[in-house]
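**Student:** Input file: input.txt. Contents: compact mmCIF, C-alpha atoms.
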```txt
# COMPACT_ATOMS: atom_id res chain seq x y z
CA MET A 1 1.75 127.06 73.77
CA THR A 2 1.33 130.58 72.35
CA SER A 3 -2.30 131.54 71.88
CA PRO A 4 -3.66 132.38 68.41
CA SER A 5 -4.37 135.90 69.64
CA MET A 6 -0.68 136.52 70.30
CA THR A 7 0.95 134.81 67.29
CA SER A 8 -0.72 137.17 64.82
CA ALA A 9 -0.89 140.27 67.02
CA ARG A 10 1.89 142.13 65.20
CA ARG A 11 0.24 141.51 61.82
CA ARG A 12 -3.18 142.86 62.75
CA SER A 13 -4.43 146.26 61.77
CA VAL A 14 -6.00 148.61 64.29
CA VAL A 15 -9.57 149.74 63.66
CA LEU A 16 -11.08 152.52 65.75
CA MET A 17 -14.84 152.04 66.24
CA PHE A 18 -17.23 154.80 67.31
CA PRO A 19 -20.73 154.12 68.73
CA GLY A 20 -23.84 156.04 67.74
CA THR A 21 -26.85 157.59 69.41
CA GLY A 22 -28.14 155.44 72.25
CA ALA A 23 -24.64 154.79 73.62
CA GLN A 24 -24.70 157.98 75.69
CA HIS A 25 -25.20 157.69 79.44
CA PRO A 26 -24.86 160.05 82.43
CA ARG A 27 -21.28 161.21 83.09
CA MET A 28 -19.85 159.06 80.31
CA ALA A 29 -16.05 159.49 80.39
CA ALA A 30 -16.44 162.43 82.80
CA GLY A 31 -13.60 161.04 84.91
CA LEU A 32 -11.20 161.86 82.07
CA TYR A 33 -12.19 165.51 81.82
CA ALA A 34 -9.59 167.81 83.41
CA HIS A 35 -7.44 164.70 83.97
CA GLU A 36 -6.43 163.66 80.43
CA PRO A 37 -5.15 166.79 78.64
CA VAL A 38 -5.70 165.48 75.11
CA PHE A 39 -9.22 164.31 75.90
CA THR A 40 -10.09 167.56 77.67
CA ALA A 41 -8.80 169.75 74.85
CA ALA A 42 -10.75 167.76 72.26
CA VAL A 43 -14.02 167.94 74.23
CA ASP A 44 -13.53 171.69 74.72
CA ALA A 45 -12.82 172.13 71.01
CA VAL A 46 -16.16 170.54 70.09
CA LEU A 47 -18.31 172.20 72.74
CA GLY A 48 -16.56 175.54 72.30
CA LEU A 49 -17.82 175.65 68.71
CA LEU A 50 -21.37 175.61 70.09
CA GLY A 51 -20.95 178.63 72.35
CA ALA A 52 -23.54 178.88 75.13
CA VAL A 53 -25.20 175.66 73.97
CA GLY A 54 -21.91 173.82 74.40
CA GLU A 55 -21.35 175.31 77.83
CA ALA A 56 -24.79 174.17 78.97
CA ALA A 57 -24.21 170.70 77.58
CA ARG A 58 -20.86 170.41 79.38
CA ALA A 59 -22.43 171.56 82.66
CA ASP A 60 -25.16 168.91 82.41
CA TRP A 61 -22.61 166.25 81.44
CA LEU A 62 -20.48 166.91 84.51
CA ALA A 63 -23.38 167.52 86.94
CA ALA A 64 -24.66 164.91 89.38
CA ALA A 65 -28.19 166.12 88.60
CA PRO A 66 -28.31 167.58 85.07
CA LYS A 67 -30.96 170.18 84.25
CA VAL A 68 -31.58 168.56 80.84
CA PRO A 69 -31.35 164.73 80.61
CA LEU A 70 -28.90 163.12 78.21
CA GLU A 71 -31.77 161.51 76.29
CA ASP A 72 -32.65 164.96 74.96
CA ASP A 73 -30.97 165.41 71.59
CA THR A 74 -29.64 168.85 72.60
CA ARG A 75 -27.44 166.92 75.00
CA SER A 76 -27.02 163.45 73.47
CA ALA A 77 -25.86 164.67 70.05
CA PRO A 78 -23.13 167.18 71.00
CA LEU A 79 -21.91 165.23 74.03
CA LEU A 80 -21.70 161.84 72.32
CA PHE A 81 -19.95 163.41 69.35
CA ALA A 82 -17.55 165.23 71.69
CA VAL A 83 -16.72 162.12 73.73
CA ASN A 84 -16.25 159.95 70.63
CA TYR A 85 -14.03 162.55 68.99
CA ALA A 86 -12.00 163.09 72.18
CA MET A 87 -11.52 159.35 72.72
CA GLY A 88 -10.32 158.97 69.14
CA ARG A 89 -7.81 161.77 69.66
CA LEU A 90 -6.72 160.26 72.98
CA VAL A 91 -6.06 156.82 71.51
CA GLU A 92 -4.11 158.32 68.64
CA SER A 93 -2.07 160.42 71.10
CA TRP A 94 -0.64 157.15 72.42
CA GLY A 95 1.18 156.73 69.10
CA VAL A 96 -1.43 154.35 67.71
CA ARG A 97 -1.90 154.78 63.96
CA PRO A 98 -5.28 153.35 62.97
CA ASP A 99 -5.44 151.42 59.72
CA ALA A 100 -9.18 152.08 59.44
CA TYR A 101 -12.18 153.73 61.06
CA LEU A 102 -15.65 152.27 61.52
CA GLY A 103 -18.56 154.14 63.04
CA HIS A 104 -22.15 153.29 63.92
CA SER A 105 -24.68 155.97 62.92
CA MET A 106 -23.36 159.25 64.36
CA GLY A 107 -20.12 157.41 65.05
CA GLU A 108 -19.48 157.35 61.30
CA PHE A 109 -19.68 161.13 61.33
CA THR A 110 -17.01 161.22 64.06
CA ALA A 111 -14.87 158.82 62.03
CA ALA A 112 -15.21 161.09 59.00
CA VAL A 113 -13.80 164.03 60.97
CA LEU A 114 -10.82 162.01 62.22
CA ALA A 115 -10.23 160.67 58.71
CA GLY A 116 -10.07 164.22 57.35
CA VAL A 117 -13.33 164.26 55.36
CA PHE A 118 -15.00 167.02 57.43
CA PRO A 119 -13.26 169.91 59.17
CA LEU A 120 -14.28 169.83 62.82
CA ALA A 121 -16.04 173.22 62.72
CA ASP A 122 -18.15 172.20 59.72
CA ALA A 123 -19.01 168.87 61.30
CA VAL A 124 -20.21 170.48 64.53
CA ARG A 125 -22.24 173.06 62.59
CA LEU A 126 -23.90 170.31 60.56
CA LEU A 127 -24.53 168.21 63.66
CA TRP A 128 -26.29 171.07 65.46
CA THR A 129 -28.30 172.04 62.38
CA ARG A 130 -29.63 168.49 62.21
CA VAL A 131 -30.58 168.60 65.88
CA ARG A 132 -32.59 171.75 65.28
CA MET A 133 -34.22 170.36 62.13
CA GLN A 134 -35.25 167.20 63.97
CA ARG A 135 -37.51 169.34 66.14
CA THR A 136 -39.78 169.80 63.10
CA THR A 137 -40.22 166.04 62.53
CA PRO A 138 -42.48 163.63 64.45
CA SER A 139 -41.22 162.44 67.82
CA GLY A 140 -40.49 158.76 67.97
CA GLY A 141 -37.98 156.18 69.07
CA MET A 142 -36.13 152.96 68.41
CA LEU A 143 -36.49 149.36 69.59
CA ALA A 144 -33.58 146.93 69.82
CA VAL A 145 -35.08 143.50 69.19
CA ALA A 146 -33.47 140.10 69.76
CA ALA A 147 -34.52 138.79 66.35
CA THR A 148 -33.34 138.57 62.76
CA VAL A 149 -34.43 140.94 60.03
CA ALA A 150 -36.50 138.10 58.53
CA ASP A 151 -38.20 137.46 61.88
CA LEU A 152 -39.36 141.08 61.96
CA ALA A 153 -40.64 141.35 58.40
CA GLU A 154 -44.29 141.21 59.51
CA TYR A 155 -43.75 144.12 61.95
CA VAL A 156 -42.24 146.47 59.38
CA ASP A 157 -44.44 148.83 57.38
CA GLY A 158 -44.21 152.30 55.89
CA ASP A 159 -43.83 153.97 59.29
CA VAL A 160 -41.81 151.46 61.32
CA VAL A 161 -38.70 150.25 59.51
CA VAL A 162 -35.46 148.36 60.12
CA ALA A 163 -33.07 151.08 61.25
CA ALA A 164 -30.00 148.98 62.06
CA VAL A 165 -28.63 145.47 61.69
CA ASN A 166 -26.19 145.22 64.58
CA ALA A 167 -25.79 141.42 64.70
CA PRO A 168 -27.58 138.40 63.22
CA ARG A 169 -30.15 138.50 66.04
CA HIS A 170 -29.88 142.15 67.02
CA THR A 171 -32.12 144.28 64.84
CA VAL A 172 -33.25 147.84 65.57
CA LEU A 173 -36.66 149.13 64.53
CA SER A 174 -37.48 152.83 64.28
CA GLY A 175 -40.58 154.92 63.79
CA PRO A 176 -42.87 157.66 65.11
CA ASP A 177 -44.37 157.26 68.58
CA GLY A 178 -47.82 155.98 67.60
CA PRO A 179 -46.82 153.29 65.10
CA LEU A 180 -43.85 152.27 67.25
CA ALA A 181 -46.12 151.81 70.29
CA ALA A 182 -48.36 149.54 68.22
CA VAL A 183 -45.37 147.45 67.15
CA SER A 184 -44.16 147.30 70.77
CA ALA A 185 -47.50 145.87 71.83
CA ARG A 186 -47.33 143.23 69.11
CA LEU A 187 -43.78 142.26 70.09
CA VAL A 188 -44.89 141.82 73.71
CA ALA A 189 -47.89 139.74 72.67
CA ASP A 190 -45.68 137.54 70.49
CA GLY A 191 -43.10 137.02 73.24
CA LEU A 192 -40.19 138.74 71.50
CA THR A 193 -37.48 140.31 73.66
CA PHE A 194 -36.72 143.97 73.04
CA ARG A 195 -35.80 147.22 74.75
CA ARG A 196 -36.43 150.83 73.86
CA LEU A 197 -33.27 152.84 73.21
CA ALA A 198 -32.55 156.11 74.99
CA VAL A 199 -33.54 158.32 72.06
CA ARG A 200 -36.52 160.52 71.32
CA SER A 201 -36.29 160.64 67.53
CA PRO A 202 -37.02 157.94 64.91
CA TYR A 203 -33.49 157.86 63.52
CA HIS A 204 -32.84 156.05 60.24
CA SER A 205 -36.48 156.09 59.21
CA PRO A 206 -38.58 157.93 56.60
CA ALA A 207 -39.81 160.26 59.36
CA LEU A 208 -36.52 162.18 59.01
CA ALA A 209 -36.83 162.65 55.25
CA PRO A 210 -37.32 166.44 55.63
CA LEU A 211 -33.68 166.66 56.80
CA VAL A 212 -32.20 165.26 53.60
CA ALA A 213 -32.49 168.15 51.12
CA PRO A 214 -31.38 170.97 53.46
CA THR A 215 -28.50 168.81 54.73
CA ALA A 216 -27.30 168.16 51.17
CA GLU A 217 -27.41 171.88 50.43
CA MET A 218 -25.40 172.63 53.55
CA VAL A 219 -22.75 169.99 52.82
CA ARG A 220 -22.31 171.37 49.30
CA SER A 221 -21.02 174.58 50.88
CA MET A 222 -18.28 172.72 52.75
CA ARG A 223 -14.79 171.76 51.57
CA LEU A 224 -14.73 167.99 52.07
CA GLY A 225 -11.55 165.97 51.72
CA THR A 226 -10.88 162.38 50.73
CA PRO A 227 -10.14 160.11 53.72
CA ARG A 228 -6.52 160.09 54.87
CA VAL A 229 -7.19 156.73 56.53
CA PRO A 230 -9.59 154.08 55.14
CA LEU A 231 -13.12 154.88 56.27
CA HIS A 232 -15.51 151.93 56.24
CA SER A 233 -19.15 152.90 56.01
CA ALA A 234 -21.86 151.04 57.88
CA TYR A 235 -24.31 152.41 55.32
CA THR A 236 -22.61 150.81 52.30
CA THR A 237 -20.79 147.93 54.14
CA ARG A 238 -17.53 148.79 52.37
CA GLN A 239 -14.66 151.26 52.36
CA LEU A 240 -15.72 154.64 51.02
CA GLY A 241 -14.17 155.60 47.71
CA PRO A 242 -12.80 159.13 47.16
CA ALA A 243 -15.84 160.35 45.19
CA GLU A 244 -18.36 158.82 47.56
CA ALA A 245 -16.66 160.28 50.63
CA VAL A 246 -17.11 163.84 49.37
CA ALA A 247 -20.61 163.39 47.91
CA PRO A 248 -23.14 165.61 49.75
CA GLU A 249 -25.95 163.20 48.93
CA PHE A 250 -24.19 160.38 50.76
CA TRP A 251 -23.94 162.28 54.04
CA ALA A 252 -27.37 163.88 53.67
CA GLY A 253 -29.10 160.54 53.26
CA GLN A 254 -27.83 158.99 56.46
CA PRO A 255 -30.75 160.06 58.73
CA THR A 256 -33.12 157.93 56.64
CA SER A 257 -30.76 155.05 55.75
CA PRO A 258 -30.35 151.82 57.76
CA VAL A 259 -27.10 151.17 59.62
CA LEU A 260 -25.65 147.84 58.46
CA PHE A 261 -23.05 147.46 61.17
CA TRP A 262 -22.80 143.67 61.28
CA PRO A 263 -22.44 143.18 57.50
CA THR A 264 -19.77 145.89 57.48
CA LEU A 265 -17.89 144.36 60.40
CA ASP A 266 -18.16 140.92 58.81
CA ARG A 267 -16.68 142.21 55.55
CA MET A 268 -13.79 143.93 57.38
CA LEU A 269 -12.93 140.85 59.41
CA SER A 270 -13.04 138.62 56.34
CA GLU A 271 -10.23 140.69 54.81
CA ARG A 272 -7.63 140.32 57.58
CA ASP A 273 -7.08 139.97 61.33
CA ARG A 274 -7.75 143.12 63.31
CA VAL A 275 -7.52 144.82 66.67
CA LEU A 276 -10.91 146.50 67.17
CA VAL A 277 -10.83 149.43 69.59
CA GLU A 278 -14.10 151.00 70.68
CA ALA A 279 -13.27 154.67 71.24
CA GLY A 280 -16.50 155.72 72.91
CA PRO A 281 -18.88 155.01 75.79
CA ALA A 282 -21.06 152.05 76.78
CA GLN A 283 -19.16 149.16 75.09
CA SER A 284 -22.14 148.47 72.79
CA LEU A 285 -19.96 147.81 69.74
CA THR A 286 -17.51 145.77 71.84
CA VAL A 287 -20.31 143.44 72.94
CA ILE A 288 -21.49 143.02 69.36
CA ALA A 289 -18.00 142.41 67.98
CA ARG A 290 -17.22 139.77 70.60
CA GLY A 291 -19.91 137.62 69.04
CA HIS A 292 -18.17 137.52 65.67
CA PRO A 293 -16.53 134.19 64.72
CA ALA A 294 -13.16 135.88 64.05
CA VAL A 295 -13.13 137.22 67.61
CA ARG A 296 -14.31 133.98 69.19
CA ALA A 297 -11.57 132.13 67.30
CA GLY A 298 -8.92 134.55 68.63
CA ARG A 299 -7.92 135.93 65.22
CA THR A 300 -9.25 139.38 66.09
CA GLU A 301 -9.15 141.09 69.47
CA VAL A 302 -11.63 143.66 70.78
CA LEU A 303 -10.77 146.39 73.29
CA ALA A 304 -13.14 148.77 75.05
CA THR A 305 -11.64 152.05 76.22
CA LEU A 306 -14.42 153.04 78.64
CA PRO A 307 -16.66 151.26 81.17
CA PRO A 308 -20.11 150.03 80.06
CA ARG A 309 -21.83 152.54 82.33
CA GLU A 310 -21.03 155.26 84.85
CA LYS A 311 -18.85 153.79 87.60
CA GLY A 312 -17.00 156.87 88.81
CA PRO A 313 -13.88 158.78 87.76
CA GLN A 314 -11.40 156.16 88.94
CA GLU A 315 -13.02 153.45 86.84
CA ASP A 316 -12.95 155.68 83.75
CA ARG A 317 -9.22 156.17 84.27
CA ARG A 318 -8.54 152.53 85.06
CA SER A 319 -10.39 151.41 81.94
CA VAL A 320 -8.45 153.80 79.71
CA ARG A 321 -5.14 152.80 81.29
CA ALA A 322 -5.86 149.09 80.78
CA ALA A 323 -6.89 149.65 77.15
CA ARG A 324 -3.75 151.67 76.48
CA GLU A 325 -1.45 149.05 77.98
CA ARG A 326 -3.07 146.22 76.04
CA LEU A 327 -3.17 148.14 72.78
CA LEU A 328 0.47 149.17 72.96
CA ALA A 329 1.40 145.58 73.84
CA LEU A 330 -0.32 144.44 70.64
CA THR A 331 0.96 147.16 68.34
CA GLY A 332 4.37 147.92 69.78
CA PRO A 333 5.73 150.86 71.81
CA ARG A 334 5.38 153.50 69.12
CA ALA A 335 3.99 156.24 71.34
CA ASP A 336 6.07 159.34 71.82
CA ALA A 337 6.72 159.96 75.52
CA ALA A 338 5.62 163.56 75.18
CA VAL A 339 2.10 162.66 74.10
CA ARG A 340 1.46 159.57 76.14
CA SER A 341 -1.60 159.31 78.36
CA HIS A 342 -1.39 160.67 81.90
CA SER A 343 -3.94 158.27 83.36
CA GLY A 344 -3.36 157.72 87.04
```
Is it possible to give me this structure as structure tokens?
**Tutor:**
Amino acid sequence: MTSPSMTSARRRSVVLMFPGTGAQHPRMAAGLYAHEPVFTAAVDAVLGLLGAVGEAARADWLAAAPKVPLEDDTRSAPLLFAVNYAMGRLVESWGVRPDAYLGHSMGEFTAAVLAGVFPLADAVRLLWTRVRMQRTTPSGGMLAVAATVADLAEYVDGDVVVAAVNAPRHTVLSGPDGPLAAVSARLVADGLTFRRLAVRSPYHSPALAPLVAPTAEMVRSMRLGTPRVPLHSAYTTRQLGPAEAVAPEFWAGQPTSPVLFWPTLDRMLSERDRVLVEAGPAQSLTVIARGHPAVRAGRTEVLATLPPREKGPQEDRRSVRAARERLLALTGPRADAAVRSHSG
């Protein structure tokens, strides 16, 4: 008997998903650099726009012992953006035509570039400006807690807030170091399971409010375009309309707004069957999506393009090759031979 996942494969739309800060890890996708031409060119395009900063970030990314750890936002921000962007370009070079994009936190920014909202140069300039502005805000962090938003209501106050709703029982809290440490102690005392994410800033919390006004002013100077491909926002839980996509206030408010990934994914999967492709490192969104009822029932399939952690160059290439073969099997052999992947 033909499985449900195969009977509707040809009718599903492809959604490229891009992870956000916290997904970065040492040598993520490094096995593709200088091996996959499309990936390499895209990474170089991003880092080249940052000059000496980009060169230093690339050196630390490819080094066995980086001088600056990836948790530092001078490395995590440009490198994660570069890898996400390059993976999106690589998947599309296979002849895959996404029907939609969905990003988590910074991943939405990557999706906006691929959808044609931001020119790449403007996006990289804005990204780096935010990194520099973050240095003037309180240091902090984020906690991924195995609990519902309602479960965590008593832990949330003016300083520590819900920063992301990734799944029904996967909620992220964010705040400055002191208040977040106090909440951590309470979570331990109450027996709740959590882990601290590999970030040093309280993303998606009021602590980053000083970034909003200068970011809006900067975006107003850019020529934004309406999305060429539907762009679903994890801040609004729906597809961005033309006016919203080019509104400076929308993009400027993201550092202080919660990421509603699960409600957005749930809405997308209620509309039609999909093939979800995580075009980025760590498989964090893949793991989340596999818990959705539409995926468990076989109506939607989820593909990761990269390993969950650093496993060496050959595993990076094997993972990409497997994802490409499965994706083209689901969507049909539409890739032009001249732009197909060279994974070996």
**Student:** One decimal, in Å: what's the spacing between atom CA of A:His170 and atom CA of A:Ala146?
**Tutor:**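 Calculated distance between atom CA of A:His170 and atom CA of A:Ala146 is 5.0 Å.
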**Student:** Write out as a ChimeraX atom specification each polymer residue whose atoms come within 9 Å of stretch 50-65 of chain A, counting only C-alpha atoms; drop sequence neighbours fewer than 3 positions from it.
**Tutor:** /A:26-28,30,33,43-44,46-47,68-70,74-76,78-79,124-125,128
**Student:** Using only C-alpha atoms, can you tell me which of A:Val246, A:Leu306, A:Leu127, A:Val14 comes closest to A:Leu285?
**Tutor:**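 Counting only C-alpha atoms, the residue closest to A:Leu285 is A:Leu306.
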**Student:** I need the residue nearest A:Ser221 from this list: A:Ile288, A:Ala41, A:Pro248, A:Arg318. Use all atoms listed in the file for the distance.
**Tutor:**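 Among the listed residues, A:Pro248 lies closest to A:Ser221.
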**Student:** Neighbouring residues of A:Arg196 were defined as those with any atom within 7 Å, considering all atoms listed in the file; residues of the same chain fewer than 5 positions away were excluded. Please report them as a ChimeraX atom specification.
**Tutor:** /A:142-144
**Student:** Counting only C-alpha atoms, which of A:Arg317, A:His35, A:Arg309, A:Arg267 gets nearest to A:Ala294?
**Tutor:**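 Using only C-alpha atoms, the shortest distance to A:Ala294 belongs to A:Arg267.
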**Student:** Every residue with an atom at most 8 Å from (-11.3, 164.3, 58.2) (file coordinates; all atoms listed in the file) is what I'm after, so could you write them as a PyMOL selection string?
**Tutor:** chain A and resi 111-120+224-228
**Student:** For the selection you just gave me, I'd like the residues written to a file as an mmCIF file, in the frame of the given file, keeping C-alpha atoms.
**Tutor:**
```cif
data_model
loop_
_atom_site.group_PDB
_atom_site.id
_atom_site.type_symbol
_atom_site.label_atom_id
_atom_site.label_comp_id
_atom_site.auth_asym_id
_atom_site.auth_seq_id
_atom_site.Cartn_x
_atom_site.Cartn_y
_atom_site.Cartn_z
ATOM 1 C CA ALA A 111 -14.870 158.820 62.030
ATOM 2 C CA ALA A 112 -15.210 161.090 59.000
ATOM 3 C CA VAL A 113 -13.800 164.030 60.970
ATOM 4 C CA LEU A 114 -10.820 162.010 62.220
ATOM 5 C CA ALA A 115 -10.230 160.670 58.710
ATOM 6 C CA GLY A 116 -10.070 164.220 57.350
ATOM 7 C CA VAL A 117 -13.330 164.260 55.360
ATOM 8 C CA PHE A 118 -15.000 167.020 57.430
ATOM 9 C CA PRO A 119 -13.260 169.910 59.170
ATOM 10 C CA LEU A 120 -14.280 169.830 62.820
ATOM 11 C CA LEU A 224 -14.730 167.990 52.070
ATOM 12 C CA GLY A 225 -11.550 165.970 51.720
ATOM 13 C CA THR A 226 -10.880 162.380 50.730
ATOM 14 C CA PRO A 227 -10.140 160.110 53.720
ATOM 15 C CA ARG A 228 -6.520 160.090 54.870
#
```
**Student:** Calculated over only C-alpha atoms, which of the candidates A:Pro98, A:Gly298, A:Pro281, A:Gly22 has the smallest distance to A:Leu269?
**Tutor:**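 Closest to A:Leu269 of all the choices is A:Gly298.
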**Student:** Give me, please, the distance in Å between atom CA of A:Gly95 and atom CA of A:Arg324, quoted to one decimal.
**Tutor:**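 One can read the atom CA of A:Gly95 to atom CA of A:Arg324 distance as 10.2 Å.
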**Student:** So how many Å separate atom CA of A:Thr171 and atom CA of A:Ala304, to one decimal?
**Tutor:**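 Computing the Euclidean distance for atom CA of A:Thr171 and atom CA of A:Ala304 yields 22.0 Å.
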**Student:** So that I can check the surroundings of A:Pro210, please list as a list in words every protein, DNA and RNA residue that reaches within 10 Å of it, counting only C-alpha atoms and ignoring chain neighbours fewer than 5 positions away.
**Tutor:**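 Within the cut-off, the hits are Met133, Gln134, Thr136, Thr137, Thr215, Pro255 and Thr256 of chain A.
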**Student:** Mind writing the picked residues with C-alpha atoms as a PDB file, keeping the file's coordinate frame?
**Tutor:**
```
ATOM      1  CA  MET A 133     -34.220 170.360  62.130  1.00  0.00           C
ATOM      2  CA  GLN A 134     -35.250 167.200  63.970  1.00  0.00           C
ATOM      3  CA  THR A 136     -39.780 169.800  63.100  1.00  0.00           C
ATOM      4  CA  THR A 137     -40.220 166.040  62.530  1.00  0.00           C
ATOM      5  CA  THR A 215     -28.500 168.810  54.730  1.00  0.00           C
ATOM      6  CA  PRO A 255     -30.750 160.060  58.730  1.00  0.00           C
ATOM      7  CA  THR A 256     -33.120 157.930  56.640  1.00  0.00           C
TER       8      THR A 256
END
```
**Student:** For A:Gly107, list every protein, DNA or RNA residue within 9 Å, evaluated using only C-alpha atoms, and leave out those in the same chain fewer than 4 positions away; present the list as JSON, numbers by chain.
**Tutor:** {"A": [17, 18, 19, 20, 21, 80, 81, 84, 85, 102, 103, 111, 112, 280]}
**Student:** Which residue, A:Gly241, A:Leu303, A:Ala209, A:His104, has the smallest gap to A:Leu328 when you use only C-alpha atoms?
**Tutor:** A:Leu303
**Student:** Considering only C-alpha atoms, return as a CSV table (one decimal) with C-alpha atoms, in the frame of the given file whatever protein or nucleic-acid residues lie within 8 Å of A:Gly141, sequence-local ones (same chain, fewer than 5 positions apart) excluded.
**Tutor:**
```csv
chain,number,residue,atom,x,y,z
A,174,SER,CA,-37.5,152.8,64.3
A,175,GLY,CA,-40.6,154.9,63.8
A,176,PRO,CA,-42.9,157.7,65.1
A,177,ASP,CA,-44.4,157.3,68.6
A,180,LEU,CA,-43.8,152.3,67.2
A,196,ARG,CA,-36.4,150.8,73.9
A,197,LEU,CA,-33.3,152.8,73.2
A,199,VAL,CA,-33.5,158.3,72.1
A,200,ARG,CA,-36.5,160.5,71.3
A,201,SER,CA,-36.3,160.6,67.5
A,202,PRO,CA,-37.0,157.9,64.9
A,203,TYR,CA,-33.5,157.9,63.5
```
**Student:** Box time for stretch 75-93 of chain A: axis-aligned, enclosing all its listed atoms, 6 Å extra on each side; report centre and edge lengths in Å to one decimal, as lines of an AutoDock Vina configuration file.
**Tutor:**
```
center_x = -14.8
center_y = 162.0
center_z = 71.8
size_x = 37.4
size_y = 22.4
size_z = 18.4
```
**Student:** Hey, which of A:Ser257, A:Thr264, A:Ser319, A:Ser105 ends up closest to A:His232? Count only C-alpha atoms.
**Tutor:**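 Answer, going by the shortest atom-to-atom distance: A:Thr264.
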